[in-house]
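Participant: Structure: start.txt, compact mmCIF, C-alpha atoms and all ligand atoms.
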```txt
# COMPACT_ATOMS: atom_id res chain seq x y z
CA MET A 457 -63.36 164.23 55.87
CA LYS A 458 -64.79 162.16 53.00
CA LEU A 459 -63.14 162.03 49.59
CA PRO A 460 -64.60 165.00 47.65
CA ARG A 461 -64.84 162.83 44.49
CA PRO A 462 -63.58 159.47 43.21
CA LEU A 463 -59.84 159.43 42.58
CA SER A 464 -58.52 159.46 39.02
CA HIS A 465 -55.05 159.22 37.55
CA SER A 466 -54.91 163.01 37.18
CA SER A 467 -56.26 163.85 40.67
CA ILE A 468 -53.78 161.41 42.27
CA SER A 469 -50.94 162.97 40.25
CA LEU A 470 -52.09 166.44 41.27
CA TYR A 471 -52.15 165.44 44.96
CA GLN A 472 -48.66 164.00 44.64
CA GLU A 473 -47.43 167.12 42.86
CA CYS A 474 -48.75 169.41 45.61
CA PRO A 475 -51.41 168.53 48.22
CA ARG A 476 -52.37 172.21 48.63
CA LYS A 477 -53.00 172.52 44.89
CA TYR A 478 -55.30 169.48 45.11
CA ARG A 479 -57.22 171.23 47.90
CA PHE A 480 -57.61 174.45 45.90
CA LYS A 481 -58.88 172.54 42.86
CA TYR A 482 -61.07 169.76 44.24
CA ILE A 483 -62.16 170.92 47.72
CA ASP A 484 -62.23 174.74 47.51
CA LYS A 485 -63.23 174.35 43.84
CA VAL A 486 -61.20 177.34 42.62
CA PRO A 487 -61.10 176.96 38.82
CA GLU A 488 -57.75 176.97 37.00
CA LYS A 489 -57.22 179.14 33.91
CA PRO A 490 -57.97 177.37 30.61
CA ARG A 491 -54.78 176.25 28.83
CA HIS A 492 -54.44 176.11 25.05
CA PHE A 493 -52.70 172.70 25.09
CA PHE A 494 -55.61 171.11 27.01
CA SER A 495 -58.10 172.65 24.56
CA PHE A 496 -56.08 171.40 21.60
CA GLY A 497 -55.80 167.88 23.04
CA GLN A 498 -59.53 167.80 23.80
CA SER A 499 -60.43 168.93 20.24
CA VAL A 500 -58.30 166.21 18.58
CA HIS A 501 -59.58 163.53 21.01
CA LEU A 502 -63.20 164.49 20.23
CA ALA A 503 -62.49 164.28 16.48
CA LEU A 504 -61.02 160.78 16.88
CA GLU A 505 -64.02 159.77 18.98
CA PHE A 506 -66.14 160.78 15.98
CA PHE A 507 -63.84 158.84 13.59
CA TYR A 508 -64.09 155.58 15.58
CA GLY A 509 -67.59 156.08 16.98
CA VAL A 510 -69.29 154.40 14.00
CA LYS A 511 -71.32 151.20 14.14
CA GLU A 512 -70.25 149.72 10.76
CA PRO A 513 -66.70 148.87 9.69
CA THR A 514 -66.56 151.83 7.30
CA PRO A 515 -64.67 154.97 8.35
CA PRO A 516 -66.38 158.36 7.98
CA PRO A 517 -65.15 160.32 4.92
CA LEU A 518 -62.35 162.86 5.50
CA LYS A 519 -64.65 165.82 4.79
CA ASP A 520 -67.03 164.67 7.59
CA LEU A 521 -64.12 164.21 9.99
CA LEU A 522 -62.81 167.72 9.29
CA ALA A 523 -66.29 169.28 9.46
CA ASN A 524 -66.81 167.61 12.84
CA TYR A 525 -63.40 168.86 14.01
CA LYS A 526 -64.41 172.43 13.07
CA ASP A 527 -67.73 172.07 14.94
CA ILE A 528 -66.28 170.71 18.18
CA TRP A 529 -63.13 172.93 18.22
CA VAL A 530 -62.47 174.10 21.81
CA LYS A 531 -61.43 177.76 21.69
CA ALA A 532 -60.50 178.43 25.34
CA GLY A 533 -56.99 179.30 26.51
CA TYR A 534 -55.29 180.53 23.32
CA ARG A 535 -53.13 183.64 23.62
CA ASP A 536 -54.57 185.24 20.47
CA ALA A 537 -56.20 184.41 17.11
CA ALA A 538 -52.82 183.69 15.47
CA GLN A 539 -51.91 181.05 18.08
CA GLU A 540 -55.38 179.51 17.82
CA LYS A 541 -55.06 179.26 14.02
CA GLU A 542 -51.60 177.69 14.29
CA TYR A 543 -53.00 174.93 16.53
CA PHE A 544 -56.19 174.48 14.50
CA ASP A 545 -54.07 173.93 11.36
CA GLU A 546 -51.82 171.47 13.20
CA GLY A 547 -54.92 169.52 14.28
CA GLU A 548 -56.14 169.39 10.68
CA ARG A 549 -52.74 168.14 9.53
CA ILE A 550 -52.82 165.37 12.16
CA LEU A 551 -56.39 164.34 11.28
CA LYS A 552 -55.71 164.21 7.52
CA ALA A 553 -52.64 162.00 8.05
CA PHE A 554 -54.51 159.84 10.61
CA HIS A 555 -57.45 159.40 8.24
CA LYS A 556 -55.16 158.38 5.38
CA LYS A 557 -53.28 155.83 7.49
CA HIS A 558 -56.19 154.32 9.41
CA SER A 559 -58.88 154.27 6.72
CA ALA A 560 -56.78 151.44 5.27
CA ASP A 561 -56.73 149.35 8.47
CA PHE A 562 -60.07 150.59 9.83
CA HIS A 563 -61.91 148.48 12.42
CA VAL A 564 -64.66 149.24 14.91
CA PRO A 565 -62.94 149.39 18.33
CA PHE A 566 -64.14 147.37 21.32
CA PHE A 567 -64.62 150.70 23.16
CA VAL A 568 -64.07 154.36 22.30
CA GLU A 569 -63.65 156.72 25.30
CA TYR A 570 -64.29 153.85 27.73
CA ALA A 571 -65.47 155.41 31.04
CA TYR A 572 -64.78 153.24 34.09
CA THR A 573 -65.62 153.40 37.81
CA PHE A 574 -64.57 150.81 40.36
CA GLU A 575 -63.17 150.48 43.87
CA VAL A 576 -59.71 149.64 45.18
CA ASP A 577 -59.87 148.55 48.83
CA GLY A 578 -63.03 150.64 49.25
CA VAL A 579 -61.56 153.71 47.50
CA PRO A 580 -63.69 154.84 44.50
CA VAL A 581 -61.66 155.29 41.31
CA THR A 582 -62.78 156.70 37.98
CA GLY A 583 -61.29 157.49 34.56
CA ARG A 584 -61.61 157.21 30.80
CA VAL A 585 -59.55 155.22 28.28
CA ASP A 586 -59.19 156.74 24.79
CA ARG A 587 -59.62 153.43 22.95
CA VAL A 588 -59.78 149.70 23.68
CA ASP A 589 -59.28 147.21 20.80
CA LYS A 590 -59.78 143.46 20.85
CA LEU A 591 -56.72 141.52 19.65
CA PRO A 592 -57.16 138.38 17.48
CA ASP A 593 -56.34 136.13 20.50
CA GLY A 594 -59.16 137.72 22.56
CA ARG A 595 -56.88 139.83 24.74
CA LEU A 596 -57.24 143.64 24.86
CA ARG A 597 -55.16 146.48 23.53
CA VAL A 598 -55.39 149.80 25.37
CA LEU A 599 -54.48 153.05 23.57
CA ASP A 600 -53.80 156.44 25.08
CA TYR A 601 -53.58 159.30 22.53
CA LYS A 602 -50.90 161.92 23.11
CA THR A 603 -51.02 165.31 21.36
CA GLY A 604 -47.98 167.05 22.92
CA LYS A 605 -45.08 167.87 20.59
CA LYS A 606 -42.71 165.60 22.47
CA LEU A 607 -43.46 162.29 24.15
CA ALA A 608 -41.39 161.06 27.11
CA THR A 609 -41.12 157.46 25.91
CA GLY A 610 -38.93 156.55 28.92
CA ARG A 611 -42.06 156.34 31.08
CA LEU A 612 -43.86 153.88 28.77
CA GLU A 613 -42.73 150.89 30.86
CA VAL A 614 -43.75 152.34 34.25
CA ASP A 615 -46.33 155.06 33.61
CA PRO A 616 -49.05 154.68 36.29
CA GLN A 617 -51.76 155.91 33.89
CA LEU A 618 -51.33 152.85 31.65
CA THR A 619 -51.16 150.63 34.76
CA MET A 620 -54.46 152.14 35.91
CA TYR A 621 -56.04 151.49 32.48
CA GLN A 622 -54.84 147.89 32.54
CA TYR A 623 -56.20 147.33 36.06
CA ALA A 624 -59.57 148.95 35.23
CA CYS A 625 -60.05 147.05 31.95
CA GLU A 626 -59.03 143.68 33.38
CA THR A 627 -61.24 144.18 36.47
CA LEU A 628 -64.31 145.39 34.61
CA LEU A 629 -64.10 143.84 31.13
CA GLY A 630 -62.90 140.42 32.23
CA ALA A 631 -60.19 139.99 29.58
CA GLU A 632 -56.42 140.13 29.88
CA ILE A 633 -54.43 143.03 28.43
CA GLY A 634 -52.15 142.04 25.57
CA GLU A 635 -50.71 145.44 24.71
CA LEU A 636 -50.49 148.96 26.19
CA VAL A 637 -49.93 151.79 23.70
CA PHE A 638 -49.05 155.46 23.81
CA TYR A 639 -50.16 156.74 20.38
CA HIS A 640 -48.21 159.92 19.58
CA LEU A 641 -50.55 161.70 17.15
CA PRO A 642 -48.23 164.42 15.74
CA THR A 643 -45.92 161.67 14.39
CA LEU A 644 -48.58 158.91 14.08
CA LYS A 645 -46.22 156.65 15.99
CA GLU A 646 -47.42 153.88 18.28
CA HIS A 647 -45.17 153.19 21.29
CA ARG A 648 -46.12 149.74 22.53
CA THR A 649 -45.39 147.73 25.63
CA VAL A 650 -46.59 144.47 27.14
CA ARG A 651 -48.95 143.90 30.06
CA ARG A 652 -47.79 145.21 33.45
CA GLY A 653 -46.62 142.69 36.05
CA ALA A 654 -48.05 142.28 39.57
CA ALA A 655 -45.44 144.55 41.20
CA LEU A 656 -46.55 147.66 39.26
CA VAL A 657 -50.23 146.86 39.81
CA ASP A 658 -49.63 146.45 43.58
CA GLU A 659 -47.68 149.71 43.58
CA LEU A 660 -50.63 151.44 41.89
CA LYS A 661 -53.11 150.06 44.45
CA THR A 662 -50.91 151.23 47.32
CA ARG A 663 -50.63 154.66 45.64
CA ILE A 664 -54.44 154.90 45.35
CA VAL A 665 -55.09 153.85 48.94
CA SER A 666 -52.34 156.00 50.47
CA THR A 667 -53.51 159.08 48.50
CA ALA A 668 -57.09 158.50 49.71
CA GLU A 669 -55.83 158.16 53.31
CA ALA A 670 -53.86 161.42 53.02
CA ILE A 671 -56.87 163.31 51.57
CA THR A 672 -59.39 161.99 54.09
CA GLY A 673 -56.81 162.73 56.82
CA GLU A 674 -56.84 166.34 55.49
CA ARG A 675 -53.13 166.46 54.76
CA PHE A 676 -52.86 169.45 52.40
CA ASP A 677 -49.47 170.97 53.10
CA PRO A 678 -48.02 172.97 50.18
CA ALA A 679 -45.12 171.27 48.37
CA PRO A 680 -43.29 174.18 46.73
CA ASP A 681 -41.12 173.52 43.71
CA GLU A 682 -39.67 176.27 41.53
CA MET A 683 -40.91 174.90 38.19
CA LYS A 684 -44.32 173.77 39.40
CA CYS A 685 -45.07 176.93 41.40
CA ARG A 686 -44.08 179.11 38.43
CA TRP A 687 -47.07 177.81 36.41
CA CYS A 688 -49.48 177.32 39.33
CA ASP A 689 -52.69 179.37 39.09
CA TYR A 690 -53.13 179.20 42.85
CA LYS A 691 -49.95 181.11 43.68
CA PRO A 692 -51.85 184.26 44.80
CA LEU A 693 -53.87 182.11 47.25
CA CYS A 694 -51.00 179.90 48.40
CA PRO A 695 -49.64 180.43 51.94
CA ILE A 696 -46.07 180.00 50.64
CA PHE A 697 -46.41 183.09 48.43
CA LYS A 698 -48.82 185.22 50.46
CA ASP A 699 -46.16 187.88 51.30
CA GLN A 700 -45.23 188.19 47.63
CA TYR A 701 -48.83 189.04 46.71
CA ALA A 702 -49.68 191.27 49.70
CA GLY A 703 -50.53 194.72 48.40
CA ALA A 704 -49.85 193.82 44.75
CA PRO A 705 -52.03 195.84 42.34
CA VAL A 706 -54.81 193.68 40.86
CA PRO A 707 -57.58 194.69 38.48
CA ALA A 708 -60.68 195.49 40.55
CA ALA A 709 -63.89 194.15 39.04
CA LYS A 710 -65.85 196.78 40.99
CA ALA A 711 -63.75 199.62 39.62
CA ALA A 712 -64.03 198.12 36.13
CA GLY A 713 -67.82 198.45 36.35
CA GLU A 714 -68.64 194.75 36.88
CA PRO A 715 -70.69 194.75 40.11
CA GLU A 716 -71.99 191.17 39.65
CA LEU A 717 -68.47 189.81 39.27
CA ALA A 718 -67.27 191.89 42.25
CA ALA A 719 -70.13 190.53 44.40
CA LEU A 720 -69.28 186.95 43.38
CA VAL A 721 -65.59 187.51 44.21
CA ASP A 722 -66.54 188.78 47.67
CA ARG A 723 -69.14 186.06 48.24
CA TYR A 724 -66.67 183.36 47.32
CA GLY A 725 -63.78 184.95 49.26
CA GLU A 726 -65.89 185.29 52.40
CA ALA A 727 -67.17 181.70 52.13
CA VAL A 728 -63.60 180.35 51.78
CA ALA A 729 -62.46 182.51 54.73
CA ARG A 730 -65.41 181.30 56.87
CA ALA A 731 -64.71 177.66 55.97
CA GLN A 732 -61.02 178.10 56.80
CA ALA A 733 -61.81 179.83 60.12
CA ALA A 734 -64.37 177.13 60.99
CA ARG A 735 -61.85 174.38 60.19
CA GLU A 736 -59.25 175.99 62.41
CA GLU A 737 -61.74 176.60 65.24
CA ALA A 738 -62.98 172.98 65.04
CA GLU A 739 -59.40 171.68 65.19
CA LYS A 740 -58.58 173.92 68.19
CA ALA A 741 -61.77 173.06 70.10
CA GLY A 742 -61.37 169.35 69.26
CA ARG A 743 -57.81 169.28 70.58
CA ALA A 744 -58.84 171.07 73.83
CA LEU A 745 -61.84 168.76 74.34
CA SER A 746 -59.83 165.66 73.61
CA GLU A 747 -57.12 166.69 76.09
CA SER A 748 -59.70 167.60 78.75
CA LEU A 749 -61.55 164.25 78.39
CA SER A 750 -58.25 162.32 78.54
CA LYS A 751 -57.06 164.28 81.60
CA LYS A 752 -60.31 163.59 83.48
CA GLY A 753 -60.40 159.98 82.36
CA TYR A 754 -63.86 160.43 80.76
CA SER A 755 -64.90 158.71 77.57
CA ARG A 756 -68.12 160.72 77.09
CA ALA A 757 -69.39 164.22 77.96
CA PHE A 758 -72.51 166.28 77.22
CA GLY A 759 -72.98 169.91 76.25
CA ALA A 760 -76.37 171.64 75.95
CA SER A 761 -76.76 170.49 72.33
CA TYR A 762 -74.08 167.88 71.64
CA GLU A 763 -72.63 164.68 73.00
CA ALA A 764 -68.91 163.95 72.60
CA SER A 765 -67.26 160.56 73.00
CA LEU A 766 -63.63 159.60 72.95
CA GLU A 767 -62.90 156.26 71.33
CA ARG A 768 -59.51 154.60 71.08
CA GLU A 769 -58.52 154.07 67.48
CA VAL A 770 -55.84 151.39 67.15
CA LYS A 771 -53.29 151.69 64.38
CA TRP A 772 -50.32 149.51 63.49
CA GLU A 773 -47.37 151.17 61.84
CA PHE A 774 -44.84 149.28 59.70
CA LEU A 775 -41.54 150.33 58.27
CA ASP A 776 -40.79 147.18 56.26
CA LYS A 777 -43.87 146.68 54.02
CA LYS A 778 -42.11 144.03 51.92
CA LYS A 779 -41.62 141.78 54.97
CA VAL A 780 -45.26 142.32 55.97
CA LEU A 781 -46.33 141.20 52.50
CA SER A 782 -44.14 138.11 52.59
CA VAL A 783 -45.50 137.09 56.03
CA ILE A 784 -49.07 137.48 54.78
CA LYS A 785 -48.33 135.51 51.61
CA GLY A 786 -46.58 132.80 53.67
CA ALA A 787 -49.73 132.39 55.79
CA GLY A 788 -51.90 132.07 52.65
CA ALA A 789 -53.86 135.23 53.56
CA TYR A 790 -52.90 137.31 50.52
CA ASP A 791 -56.36 137.10 48.99
CA LYS A 792 -57.77 138.81 52.11
CA ILE A 793 -55.52 141.80 51.54
CA LEU A 794 -54.72 142.32 47.88
CA ALA A 795 -52.46 145.31 48.62
CA PRO A 796 -50.71 145.75 51.98
CA SER A 797 -52.53 149.00 52.68
CA ALA A 798 -52.40 150.19 56.29
CA PRO A 799 -56.19 149.94 56.97
CA LEU A 800 -56.36 146.32 55.73
CA VAL A 801 -53.27 145.17 57.66
CA ASN A 802 -54.75 146.88 60.74
CA LYS A 803 -58.03 145.03 60.18
CA LEU A 804 -56.20 141.71 59.86
CA LEU A 805 -54.28 142.35 63.09
CA GLU A 806 -57.29 143.44 65.14
CA ASP A 807 -59.63 140.71 63.85
CA PRO A 808 -59.72 137.85 66.40
CA ALA A 809 -60.76 135.50 63.56
CA SER A 810 -57.41 136.04 61.76
CA ASP A 811 -54.78 133.30 61.97
CA ALA A 812 -53.06 133.61 65.40
CA GLY A 813 -49.59 132.83 63.97
CA LEU A 814 -50.00 135.48 61.29
CA ARG A 815 -51.12 138.07 63.86
CA ALA A 816 -48.14 137.25 66.08
CA ALA A 817 -45.69 137.48 63.15
CA LEU A 818 -47.14 140.82 62.03
CA ALA A 819 -47.13 142.14 65.61
CA GLU A 820 -43.38 141.40 65.73
CA LEU A 821 -42.89 143.65 62.69
CA GLY A 822 -45.01 146.58 63.83
CA GLU A 823 -45.61 148.86 66.75
CA ARG A 824 -49.09 149.24 68.26
CA VAL A 825 -50.00 152.93 68.50
CA GLU A 826 -53.20 154.00 70.28
CA SER A 827 -54.61 157.42 69.47
CA PRO A 828 -57.83 159.00 70.70
CA GLU A 829 -60.57 159.56 68.12
CA LEU A 830 -63.04 162.27 69.04
CA LYS A 831 -66.65 161.83 67.84
CA ILE A 832 -69.47 164.33 68.13
CA ARG A 833 -73.18 164.20 67.28
CA LYS A 834 -76.17 166.52 67.49
CA LEU A 835 -78.54 165.51 70.31
S1 LIG A 901 -47.87 177.76 44.41
FE1 LIG A 901 -46.60 175.92 44.61
S2 LIG A 901 -46.86 175.30 46.77
FE2 LIG A 901 -48.51 176.75 46.30
S3 LIG A 901 -50.25 175.48 45.68
FE3 LIG A 901 -49.16 176.03 43.82
S4 LIG A 901 -47.72 174.32 43.47
FE4 LIG A 901 -48.42 174.19 45.59
```
Would you write the structure of this file as structure tokens?
Ligand code: SF4
Facilitator:
Amino acid sequence: MKLPRPLSHSSISLYQECPRKYRFKYIDKVPEKPRHFFSFGQSVHLALEFFYGVKEPTPPPLKDLLANYKDIWVKAGYRDAAQEKEYFDEGERILKAFHKKHSADFHVPFFVEYAYTFEVDGVPVTGRVDRVDKLPDGRLRVLDYKTGKKLATGRLEVDPQLTMYQYACETLLGAEIGELVFYHLPTLKEHRTVRRGAALVDELKTRIVSTAEAITGERFDPAPDEMKCRWCDYKPLCPIFKDQYAGAPVPAAKAAGEPELAALVDRYGEAVARAQAAREEAEKAGRALSESLSKKGYSRAFGASYEASLEREVKWEFLDKKKVLSVIKGAGAYDKILAPSAPLVNKLLEDPASDAGLRAALAELGERVESPELKIRKL
């Protein structure tokens, strides 16, 4: 399958947390419940976008900032009016303190809410950086606002989100990063670190490419974990918990007098069931056809409406990726393969134009695995 949408830091993290959860959210498109902490974070981010979104080096007055905050306040996901008020007041407290501190050192940022899209080894990647400033020496400073009560500062040095921001800004804006910052808004504290080195950037690229390979290879096994499953909205749909939910009483939209909602529930449920059944049937028929073609020694066969062909897809598998990288670097071919992702190393090995010594050295490290790839087209 194709990627359902460009990868982002959060979709990659979601896939790594649980591939089945990724499928529910991005492929089956089952919406999650709104959460008050996301709504709160979004409201404060929008208010700061207003604060810095001016064209002249004069900050908007506090009363305008607070009026804007009231207008854009995101209400979804709060337990009740009392909880919503508690968070609204906390947001006001943060904005008043932020306004006081940063009206004094106000500057127009290089970018506010910088939206980026680019490709890593052919994999589309997208995201948004809260703020990008230009430092006096021409380098860039990337800021990520955090609104949670506590901030895990231990991850500042390795957090892949900041690595992704660095990579995107340096690739697209053409200037080097001088500083990466987690700005903890409840305490107005900036946690700063220096530019990431090549190892973390390479690790990020490998993470992007391997996640894309797993998604396009339709690997969506559930990864149960007590803490994560406890808060997962997809638990009632998840195969791991299906017995737990069988026969459980649920509010019936039909019985509650909401026929449109009931019809939508059924329409959606039937569509998901049909898609699932079709996927399973296609896998079963594909396996049987592939085995039959292999047994008969055929590479092509015709039905009344379709033609099927069996092509050999060659893959090289490596255990020691570090050695592979050092061999490629030693042969001066690193620029052809910026990250040692499996598809690019495969391409290098199968390309007759590649350096013969390099191909021989890589072949020593890997094992050539041939697997049949079934293709089908409408006649
Ligand atoms: S309930 Fe657990 S295993 Fe199932 S989708 Fe959610 S996180 Fe994954």
Participant: List as number ranges by chain the protein and nucleic acid residues lying within 12 Å of ligand LIG 901 (chain A), with all atoms listed in the file counted.
Facilitator: A: 470-481, 486, 488, 676-698, 700-701
Participant: Neighbours of A:Gln498 within 9 Å (all atoms listed in the file; same-chain residues fewer than 5 positions away dropped), as a short mmCIF file (atom, residue, chain, number, x, y, z; two decimals) with C-alpha atoms, keeping the file's coordinate frame?
Facilitator:
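Resulting contents of around.cif:
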```cif
data_model
loop_
_atom_site.label_atom_id
_atom_site.label_comp_id
_atom_site.auth_asym_id
_atom_site.auth_seq_id
_atom_site.Cartn_x
_atom_site.Cartn_y
_atom_site.Cartn_z
CA PHE A 493 -52.70 172.70 25.09
CA ALA A 503 -62.49 164.28 16.48
CA TRP A 529 -63.13 172.93 18.22
CA VAL A 530 -62.47 174.10 21.81
#
```
Participant: Can you work out the spacing between atom CA of A:Phe638 and atom CA of A:Lys552 in Å, to one decimal?
Facilitator: 19.7 Å
Participant: Centre and edge lengths of an axis-aligned box around all listed atoms of stretch 647-662 of chain A, with 3 Å added on each side, are to be given in Å to one decimal, as JSON.
Facilitator:
```
{"center_x": -49.1, "center_y": 147.7, "center_z": 34.3, "size_x": 13.9, "size_y": 16.9, "size_z": 32.0}
```
Participant: If you count all atoms listed in the file, which residues fall within 8 Å of stretch 569-582 of chain A, apart from same-chain ones fewer than 4 positions away, as a list of chain:residue names?
Facilitator: A:Pro462, A:Leu463, A:Ser464, A:Glu505, A:Asp586, A:Arg587, A:Val588, A:Ala624, A:Leu628, A:Lys661, A:Ile664, A:Val665, A:Ala668
Participant: Can you work out which one of A:Ala727, A:Leu800, A:Leu551, A:Val598 has the shortest atom-to-atom distance to A:Lys485, counting all atoms listed in the file?
Facilitator: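 When distances to A:Lys485 are compared using all atoms listed in the file, the smallest one comes from A:Ala727.
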Participant: For atom CA of A:Thr672 and atom CA of A:Lys458, quote the distance in Å rounded to one decimal.
Facilitator: 5.5 Å
Participant: Compile the contact shell of A:Asp811 as an mmCIF file with C-alpha atoms, in the coordinates of the input: residues with an atom at most 12 Å away, counting all atoms listed in the file, same-chain residues fewer than 3 positions apart removed.
Facilitator:
```cif
data_model
loop_
_atom_site.group_PDB
_atom_site.id
_atom_site.type_symbol
_atom_site.label_atom_id
_atom_site.label_comp_id
_atom_site.auth_asym_id
_atom_site.auth_seq_id
_atom_site.Cartn_x
_atom_site.Cartn_y
_atom_site.Cartn_z
ATOM 1 C CA VAL A 783 -45.500 137.090 56.030
ATOM 2 C CA ILE A 784 -49.070 137.480 54.780
ATOM 3 C CA GLY A 786 -46.580 132.800 53.670
ATOM 4 C CA ALA A 787 -49.730 132.390 55.790
ATOM 5 C CA GLY A 788 -51.900 132.070 52.650
ATOM 6 C CA ALA A 789 -53.860 135.230 53.560
ATOM 7 C CA LYS A 792 -57.770 138.810 52.110
ATOM 8 C CA LEU A 804 -56.200 141.710 59.860
ATOM 9 C CA LEU A 805 -54.280 142.350 63.090
ATOM 10 C CA GLU A 806 -57.290 143.440 65.140
ATOM 11 C CA ASP A 807 -59.630 140.710 63.850
ATOM 12 C CA PRO A 808 -59.720 137.850 66.400
ATOM 13 C CA LEU A 814 -50.000 135.480 61.290
ATOM 14 C CA ARG A 815 -51.120 138.070 63.860
ATOM 15 C CA ALA A 816 -48.140 137.250 66.080
ATOM 16 C CA ALA A 817 -45.690 137.480 63.150
ATOM 17 C CA LEU A 818 -47.140 140.820 62.030
#
```
Participant: Considering all atoms listed in the file, can you say which of A:Arg611, A:Arg652, A:Arg595, A:His492 comes closest to A:Gln539?
Facilitator: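 Using all atoms listed in the file, the shortest distance to A:Gln539 belongs to A:His492.
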Participant: Would you compute the distance between atom CA of A:Ala734 and atom CA of A:Ser748? Give it in Å to one decimal.
Facilitator: 20.7 Å
Participant: With distances taken over all atoms listed in the file, which residue among A:Tyr621, A:Tyr482, A:Tyr639, A:Tyr724 lies nearest A:His465?
Facilitator: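 Smallest distance to A:His465 is found for A:Tyr621.
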Participant: Of the candidates A:Glu716, A:Ile550, A:Glu674, A:Leu522, which shows the shortest atom-to-atom distance to A:Pro460, using only C-alpha atoms?
Facilitator: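 Smallest separation from A:Pro460 among the options: A:Glu674.
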Participant: Counting all atoms listed in the file, which residue out of A:Val657, A:Leu629, A:Ala538, A:Val500 sits closest to A:Lys590?
Facilitator: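 Counting all atoms listed in the file, the residue closest to A:Lys590 is A:Leu629.
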Participant: For A:Thr643, which of A:Phe554, A:Phe567, A:Tyr543, A:Tyr508 is the closest residue, counting only C-alpha atoms?
Facilitator: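 Of A:Phe554, A:Phe567, A:Tyr543, A:Tyr508, the one nearest A:Thr643, counting only C-alpha atoms, is A:Phe554.
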Participant: Find the spatial neighbours of A:Tyr601, counting only C-alpha atoms, within a cut-off of 10 Å - ignore same-chain residues fewer than 2 positions away - and output them as JSON, numbers by chain.
Facilitator: {"A": [497, 500, 501, 504, 585, 586, 587, 599, 603, 604, 637, 638, 639, 640, 641, 644, 646]}
Participant: Quick one: everything within 8 Å of stretch 606-609 of chain A, counting only C-alpha atoms, minus sequence neighbours fewer than 3 positions away in the same chain. Send it as a count of residues only.
Facilitator: 4
